[in-house]
There are 2 protein chains.
Amino acid sequence: MNFDIETYLNERRNFVNSYLEELYEKQPNSTQSLLKSILYSLTSGGKRLRPILCMASCELFSGEYKKAIGVASAIEMVHTYSLIHDDLPSMDDDNVRRGKPSNHIKFGESTAILAGDALLADAFSLINNELQFQGFNPELSLKIISVLSNAIGSKGMVLGQAMDLYFEGKNEVNIETLSKIHYLKTGALIEASILIGGYIGDADNNEIETLRKFSRKIGLSFQISDDILDITGSESFGKNTGSDAKKNKKTFASVLGIESSHDLVQSLTEEALGELSDLKKEFNPLHGIAIYLSERAK
Amino acid sequence: MNFDIETYLNERRNFVNSYLEELYEKQPNSTQSLLKSILYSLTSGGKRLRPILCMASCELFSGEYKKAIGVASAIEMVHTYSLIHDDLPSMDDDNVRRGKPSNHIKFGESTAILAGDALLADAFSLINNELQFQGFNPELSLKIISVLSNAIGSKGMVLGQAMDLYFEGKNEVNIETLSKIHYLKTGALIEASILIGGYIGDADNNEIETLRKFSRKIGLSFQISDDILDITGSESFGKNTGSDAKKNKKTFASVLGIESSHDLVQSLTEEALGELSDLKKEFNPLHGIAIYLSERAK
């Protein structure tokens with residue numbers, strides 16, 4: 001099959017963007033800036049990696065990706081909420097995000113906190129509505145809500161952010177701790193995106209376990225690339241570069257060095273692709289996405 | 001039936017407290033203060049009004065209240081998250097809550113924000129686990145998640161808080177706007193608590209509509225009492241009194257005066273009790289709770 005990854009990603013990204021833009025337009029305008037603040041962060045670009053992975057995983061097992069759009073978009077809402085809160089002054093204190101002023105710089109701290117809170121709650125509303133609208137069976141729906149909520153709470157993403165803040169400036173951080181922080185802060189939601197896509201596409205238990213192994217390797221590889229990009233920088237990165245070093249934050253790139261980090265991205269990607277081959281699928285969009293991601297920091 | 005409201009509320013409050021205390025104790029300790037911060041706010045007392053209403057509503061239709069404990073506690077977690085975030089310096093800037101230092105005073109802003117975020121996500125995890133554990137039918141489970149998530153997102157509680165902040169210090173606030181803010185900020189979650197209890201107790205559609213009318217009146221009456229208590233103060237209130245006036249925040253008590261506000265609490269409560277009589281139940285704990293709440297600010 002003729003597969004151009006750039007075209008594929010663009011097409012999927014546009015599909016997610018349209019869906020997200022419409023979502024809040026249906027909502028009657030309110031007298032304050034909450035809605036503007038939500039839309040500002042939700043429609044400010046971004047790679048849309050998580051929803052794309054979710055739809056790709058659904059497509060892999062069912063041949064269709066569009067039925068995952070609502071849930072995939074809800075996952076992007078959760079991701080967006082986490083970025084808004086992470087950027088806050090008391091957290092990572094980042095004033096640029098995706099090349100634009102961070103939400104709290106533009107709308108103030110209280111509105112930014114509330115926009116994040118709303119996106120998190122609204123994500124669960126959306127999943128619920130979508131699941132009913134799509135006629136998914138209720139057990140599947142509950143499974144999806146379970147996977148997502150477990151990935152992002154006090155045993156998942158929020159714990160990762162708390163650990164990240166705790167270890168800032170501390171010297172005892174080793175690769176094991178870094179891996180754990182990365183998994184919780186970034187990997188868990190990437191894994192959830194891929195697994196949920198699999199569930200929607202009706203993957204069986206063995207296939208879900210294969211997806212899980214793939215996700216862990218890809219998630220870590222993705223975060224190591226981010227660490228490299230934070231040092232080497234790039235126009236398209238859209239964040240302030242060097243922000244980890246400024247905060248005296250240990251990263252894979254600072255602990256292992258850039259070259260070894262590149263090697264690790266490469267070997268994790270190869271292992272991840274090895275997992276995928278177990279699925280014996282002729283067309284596997286996750287394959288192309290994994291390779292694309294591994295080349296991001298080159 | 002011999003019904004002593006104080007005994008009843010104490011018993012239910014203890015039941016909720018034990019459940020919440022155990023919930024996070026099962027979680028392996030982590031290297032940072034996230035868990036401590038969550039537990040600090042979650043187990044710092046409080047009226048437990050929402051879970052008590054939820055269980056009472058379940059009991060009303062099924063004769064049992066214990067099967068609602070997990071979902072009722074999840075609702076209290078959502079309420080606790082909202083209190084932690086509302087107290088933040090950029091929001092209501094309250095440094096006392098339930099007679100103790102607010103979460104951000106004790107643990108710092110970043111941990112307080114994360115504790116709130118975690119409680120919100122964990123609430124959905126808990127509901128999911130509970131629903132599966134209790135063997136509720138999946139349609140009911142999804143209905144519950146739908147009612148809760150709609151009540152607290154950008155069309156519910158978060159919008160209420162955003163409007164509350166927006167109208168702070170503004171003179172154009174009238175009773176209609178105040179009612180809307182109160183409904184969104186406080187009433188919607190109280191309504192959800194009561195409806196969800198009804199759903200778990202297997203109330204039919206007519207009964208749910210009756211509960212909804214009851215909830216709206218009780219929710220507003222509850223908030224007006226809070227406004228009165230903010231002026232008249234009370235040891236047991238556990239918040240700084242006069243905080244609304246200090247922020248130049250319009251309330252029912254400041255717009256209508258204390259006496260008319262008392263009258264309104266009284267008439268709303270009578271109307272709410274009138275709704276309940278439609279249910280034709282011999283023993284109705286919601287009746288006693290409504291009367292108890294109406295006497296809170298006396």
# chains A, B, ... in the order shown; residues from 1 in each chain; ligands from 1
$ select_by_dssp --residues "region 161-260 of chain A" --states "helix (DSSP H, G or I)" --output "VMD selection string"
chain A and resid 161 to 167 175 to 200 205 to 232 235 to 237 243 to 246 252 to 256 258 to 260
$ residues_around --residues "Ile258 (chain B)" --least-positions-apart "4" --cutoff "10 Å" --atoms "only C-alpha atoms" --output "JSON list (two decimals) with C-alpha atoms, in the first residue's frame"
[["chain", "number", "residue", "atom", "x", "y", "z"],
["B", 224, "ILE", "CA", -28.45, 31.16, 50.50],
["B", 225, "SER", "CA", -27.83, 29.74, 53.98],
["B", 227, "ASP", "CA", -24.36, 33.41, 52.19],
["B", 228, "ILE", "CA", -26.09, 34.22, 55.49],
["B", 229, "LEU", "CA", -23.50, 32.24, 57.46],
["B", 231, "ILE", "CA", -22.12, 37.31, 57.33],
["B", 232, "THR", "CA", -23.41, 36.07, 60.66],
["B", 252, "PHE", "CA", -28.29, 36.84, 48.43],
["B", 253, "ALA", "CA", -27.73, 38.10, 51.95],
["B", 254, "SER", "CA", -26.12, 41.35, 50.80],
["B", 262, "HIS", "CA", -34.03, 33.69, 55.85],
["B", 263, "ASP", "CA", -37.57, 33.91, 54.51],
["B", 264, "LEU", "CA", -36.41, 32.66, 51.13]]
$ closest_atom_pairs --of "chain A" --to "chain B" --cutoff "9 Å" --atoms "only C-alpha atoms" --output "Markdown table"
| residue | atom | partner | partner_atom | distance |
| --- | --- | --- | --- | --- |
| A:Gln27 | CA | B:Lys155 | CA | 8.3 |
| A:Ser30 | CA | B:Leu159 | CA | 8.5 |
| A:Thr31 | CA | B:Met163 | CA | 7.5 |
| A:Gln32 | CA | B:Tyr166 | CA | 6.5 |
| A:Ser33 | CA | B:Ala162 | CA | 8.1 |
| A:Leu34 | CA | B:Ala162 | CA | 6.6 |
| A:Leu35 | CA | B:Ser154 | CA | 7.7 |
| A:His85 | CA | B:Ile113 | CA | 8.0 |
| A:Leu88 | CA | B:Ser110 | CA | 8.4 |
| A:Pro89 | CA | B:Ser110 | CA | 8.6 |
| A:Ser90 | CA | B:Ser110 | CA | 5.2 |
| A:Met91 | CA | B:Ser110 | CA | 5.4 |
| A:Gly108 | CA | B:Ser90 | CA | 8.4 |
| A:Glu109 | CA | B:Ser90 | CA | 6.0 |
| A:Ser110 | CA | B:Ser90 | CA | 5.1 |
| A:Thr111 | CA | B:Ala162 | CA | 7.0 |
| A:Ile113 | CA | B:His85 | CA | 8.0 |
| A:Leu114 | CA | B:Val158 | CA | 6.2 |
| A:Ala115 | CA | B:Ser154 | CA | 7.9 |
| A:Gly116 | CA | B:Asp117 | CA | 9.0 |
| A:Asp117 | CA | B:Val158 | CA | 7.1 |
| A:Ala118 | CA | B:Gly153 | CA | 4.6 |
| A:Leu119 | CA | B:Gly153 | CA | 7.2 |
| A:Leu120 | CA | B:Gly153 | CA | 7.7 |
| A:Ala121 | CA | B:Gly153 | CA | 4.9 |
| A:Asp122 | CA | B:Gly153 | CA | 5.2 |
| A:Ala123 | CA | B:Ser149 | CA | 8.4 |
| A:Phe124 | CA | B:Ser149 | CA | 6.1 |
| A:Ser125 | CA | B:Ser149 | CA | 5.2 |
| A:Leu126 | CA | B:Ser146 | CA | 8.9 |
| A:Asn128 | CA | B:Ser146 | CA | 6.0 |
| A:Asn129 | CA | B:Ser146 | CA | 7.6 |
| A:Gln132 | CA | B:Leu142 | CA | 8.8 |
| A:Asn137 | CA | B:Pro138 | CA | 8.8 |
| A:Pro138 | CA | B:Pro138 | CA | 5.3 |
| A:Glu139 | CA | B:Pro138 | CA | 6.1 |
| A:Ser141 | CA | B:Leu142 | CA | 7.9 |
| A:Leu142 | CA | B:Asn128 | CA | 6.7 |
| A:Lys143 | CA | B:Asn128 | CA | 8.4 |
| A:Ile145 | CA | B:Asn128 | CA | 7.4 |
| A:Ser146 | CA | B:Ser125 | CA | 5.8 |
| A:Val147 | CA | B:Ser125 | CA | 8.5 |
| A:Leu148 | CA | B:Ser125 | CA | 8.4 |
| A:Ser149 | CA | B:Ser125 | CA | 5.2 |
| A:Asn150 | CA | B:Ser125 | CA | 5.9 |
| A:Ala151 | CA | B:Ala121 | CA | 9.0 |
| A:Ile152 | CA | B:Ala121 | CA | 6.5 |
| A:Gly153 | CA | B:Ala118 | CA | 4.6 |
| A:Ser154 | CA | B:Ala118 | CA | 4.9 |
| A:Lys155 | CA | B:Gln27 | CA | 8.3 |
| A:Gly156 | CA | B:Ala118 | CA | 8.9 |
| A:Met157 | CA | B:Ala118 | CA | 8.7 |
| A:Val158 | CA | B:Ala118 | CA | 6.0 |
| A:Leu159 | CA | B:Leu34 | CA | 7.2 |
| A:Gln161 | CA | B:Leu114 | CA | 8.0 |
| A:Ala162 | CA | B:Leu34 | CA | 6.6 |
| A:Met163 | CA | B:Gln32 | CA | 6.6 |
| A:Leu165 | CA | B:Ser110 | CA | 8.5 |
| A:Tyr166 | CA | B:Gln32 | CA | 6.6 |
$ residues_around --residues "His79 (chain A)" --least-positions-apart "5" --cutoff "9 Å" --atoms "only C-alpha atoms" --output "list in words"
Arg50, Ala74, Ile84, Leu120 and Leu189 of chain A
$ atom_distance --atom1 "CA of Ser193 (chain A)" --atom2 "CA of Leu20 (chain A)"
16.6 Å
$ atom_distance --atom1 "CA of His104 (chain B)" --atom2 "CA of His104 (chain A)"
18.4 Å
$ residues_around --residues "Lys217 (chain B)" --least-positions-apart "5" --cutoff "7 Å" --atoms "only C-alpha atoms" --output "ChimeraX atom specification"
/B:268-269,272
$ write_last_selection --atoms "C-alpha atoms" --output "JSON list (two decimals), in the first residue's frame"
[["chain", "number", "residue", "atom", "x", "y", "z"],
["B", 268, "LEU", "CA", -37.73, 27.17, 49.23],
["B", 269, "THR", "CA", -37.55, 24.43, 51.84],
["B", 272, "ALA", "CA", -38.92, 21.29, 48.28]]
$ residues_around --residues "Glu6 (chain A)" --least-positions-apart "6" --cutoff "12 Å" --atoms "only C-alpha atoms" --output "PDB file with N, CA and C atoms, in the first residue's frame"
ATOM      1  N   ARG A  12      -5.034  13.198   9.388  1.00  0.00           N
ATOM      2  CA  ARG A  12      -5.607  12.847  10.694  1.00  0.00           C
ATOM      3  C   ARG A  12      -5.642  14.051  11.633  1.00  0.00           C
ATOM      4  N   ARG A  13      -4.576  14.849  11.563  1.00  0.00           N
ATOM      5  CA  ARG A  13      -4.485  16.039  12.409  1.00  0.00           C
ATOM      6  C   ARG A  13      -5.632  17.008  12.075  1.00  0.00           C
ATOM      7  N   LYS A  47       0.710  18.466  17.871  1.00  0.00           N
ATOM      8  CA  LYS A  47       0.906  17.319  16.970  1.00  0.00           C
ATOM      9  C   LYS A  47      -0.309  16.421  16.886  1.00  0.00           C
ATOM     10  N   PRO A 285      -0.506   1.261  10.468  1.00  0.00           N
ATOM     11  CA  PRO A 285      -0.126   2.673  10.560  1.00  0.00           C
ATOM     12  C   PRO A 285       0.756   2.970  11.780  1.00  0.00           C
ATOM     13  N   GLY A 288       4.490   3.083  10.802  1.00  0.00           N
ATOM     14  CA  GLY A 288       4.964   4.339  10.206  1.00  0.00           C
ATOM     15  C   GLY A 288       5.071   5.466  11.221  1.00  0.00           C
ATOM     16  N   ILE A 289       4.118   5.515  12.132  1.00  0.00           N
ATOM     17  CA  ILE A 289       4.142   6.573  13.149  1.00  0.00           C
ATOM     18  C   ILE A 289       5.356   6.396  14.067  1.00  0.00           C
ATOM     19  N   ILE A 291       8.254   5.020  13.409  1.00  0.00           N
ATOM     20  CA  ILE A 291       9.481   5.422  12.710  1.00  0.00           C
ATOM     21  C   ILE A 291       9.554   6.948  12.618  1.00  0.00           C
ATOM     22  N   TYR A 292       8.425   7.548  12.256  1.00  0.00           N
ATOM     23  CA  TYR A 292       8.371   9.006  12.156  1.00  0.00           C
ATOM     24  C   TYR A 292       8.796   9.657  13.473  1.00  0.00           C
ATOM     25  N   LEU A 293       8.262   9.139  14.573  1.00  0.00           N
ATOM     26  CA  LEU A 293       8.582   9.721  15.885  1.00  0.00           C
ATOM     27  C   LEU A 293      10.060   9.567  16.220  1.00  0.00           C
TER      28      LEU A 293
END
$ select_by_dssp --residues "region 4-206 of chain A" --states "strand (DSSP E or B)" --output "list in words"
Val96, Arg97, Lys100 and Pro101 of chain A
$ residues_around --residues "Gly197 (chain B)" --least-positions-apart "3" --cutoff "8 Å" --atoms "only C-alpha atoms" --output "list in words"
Leu53, Cys54, Met55, Ala56, Ser57, Cys58, Glu59, Ala68, Ala72, Ser193, Ile194, Ile200 and Gly201 of chain B
$ write_last_selection --atoms "C-alpha atoms" --output "tab-separated table (two decimals), in the first residue's frame"
chain	number	residue	atom	x	y	z
B	53	LEU	CA	-27.80	13.06	50.03
B	54	CYS	CA	-26.73	10.50	47.44
B	55	MET	CA	-27.07	7.60	49.85
B	56	ALA	CA	-30.36	8.95	51.26
B	57	SER	CA	-31.80	9.17	47.79
B	58	CYS	CA	-30.71	5.61	47.04
B	59	GLU	CA	-32.22	4.44	50.33
B	68	ALA	CA	-24.18	3.83	46.93
B	72	ALA	CA	-21.22	8.82	46.90
B	193	SER	CA	-25.70	13.64	44.01
B	194	ILE	CA	-29.41	13.24	44.60
B	200	ILE	CA	-28.67	3.57	41.96
B	201	GLY	CA	-31.84	3.01	43.97
$ residues_around --residues "Asp202 (chain A)" --least-positions-apart "3" --cutoff "8 Å" --atoms "only C-alpha atoms" --output "CSV table (one decimal) with N, CA and C atoms, in the first residue's frame"
chain,number,residue,atom,x,y,z
A,58,CYS,N,-7.2,1.8,16.4
A,58,CYS,CA,-8.5,1.4,16.1
A,58,CYS,C,-8.6,0.8,14.6
A,61,PHE,N,-7.2,-2.7,13.7
A,61,PHE,CA,-8.0,-3.9,14.0
A,61,PHE,C,-9.3,-4.0,13.3
A,62,SER,N,-9.8,-2.8,13.0
A,62,SER,CA,-11.2,-2.7,12.4
A,62,SER,C,-11.2,-2.2,11.0
A,198,GLY,N,-7.4,0.3,20.4
A,198,GLY,CA,-7.5,-1.2,20.2
A,198,GLY,C,-8.8,-1.7,20.7
A,199,TYR,N,-9.2,-1.2,21.9
A,199,TYR,CA,-10.5,-1.7,22.4
A,199,TYR,C,-11.7,-1.3,21.4
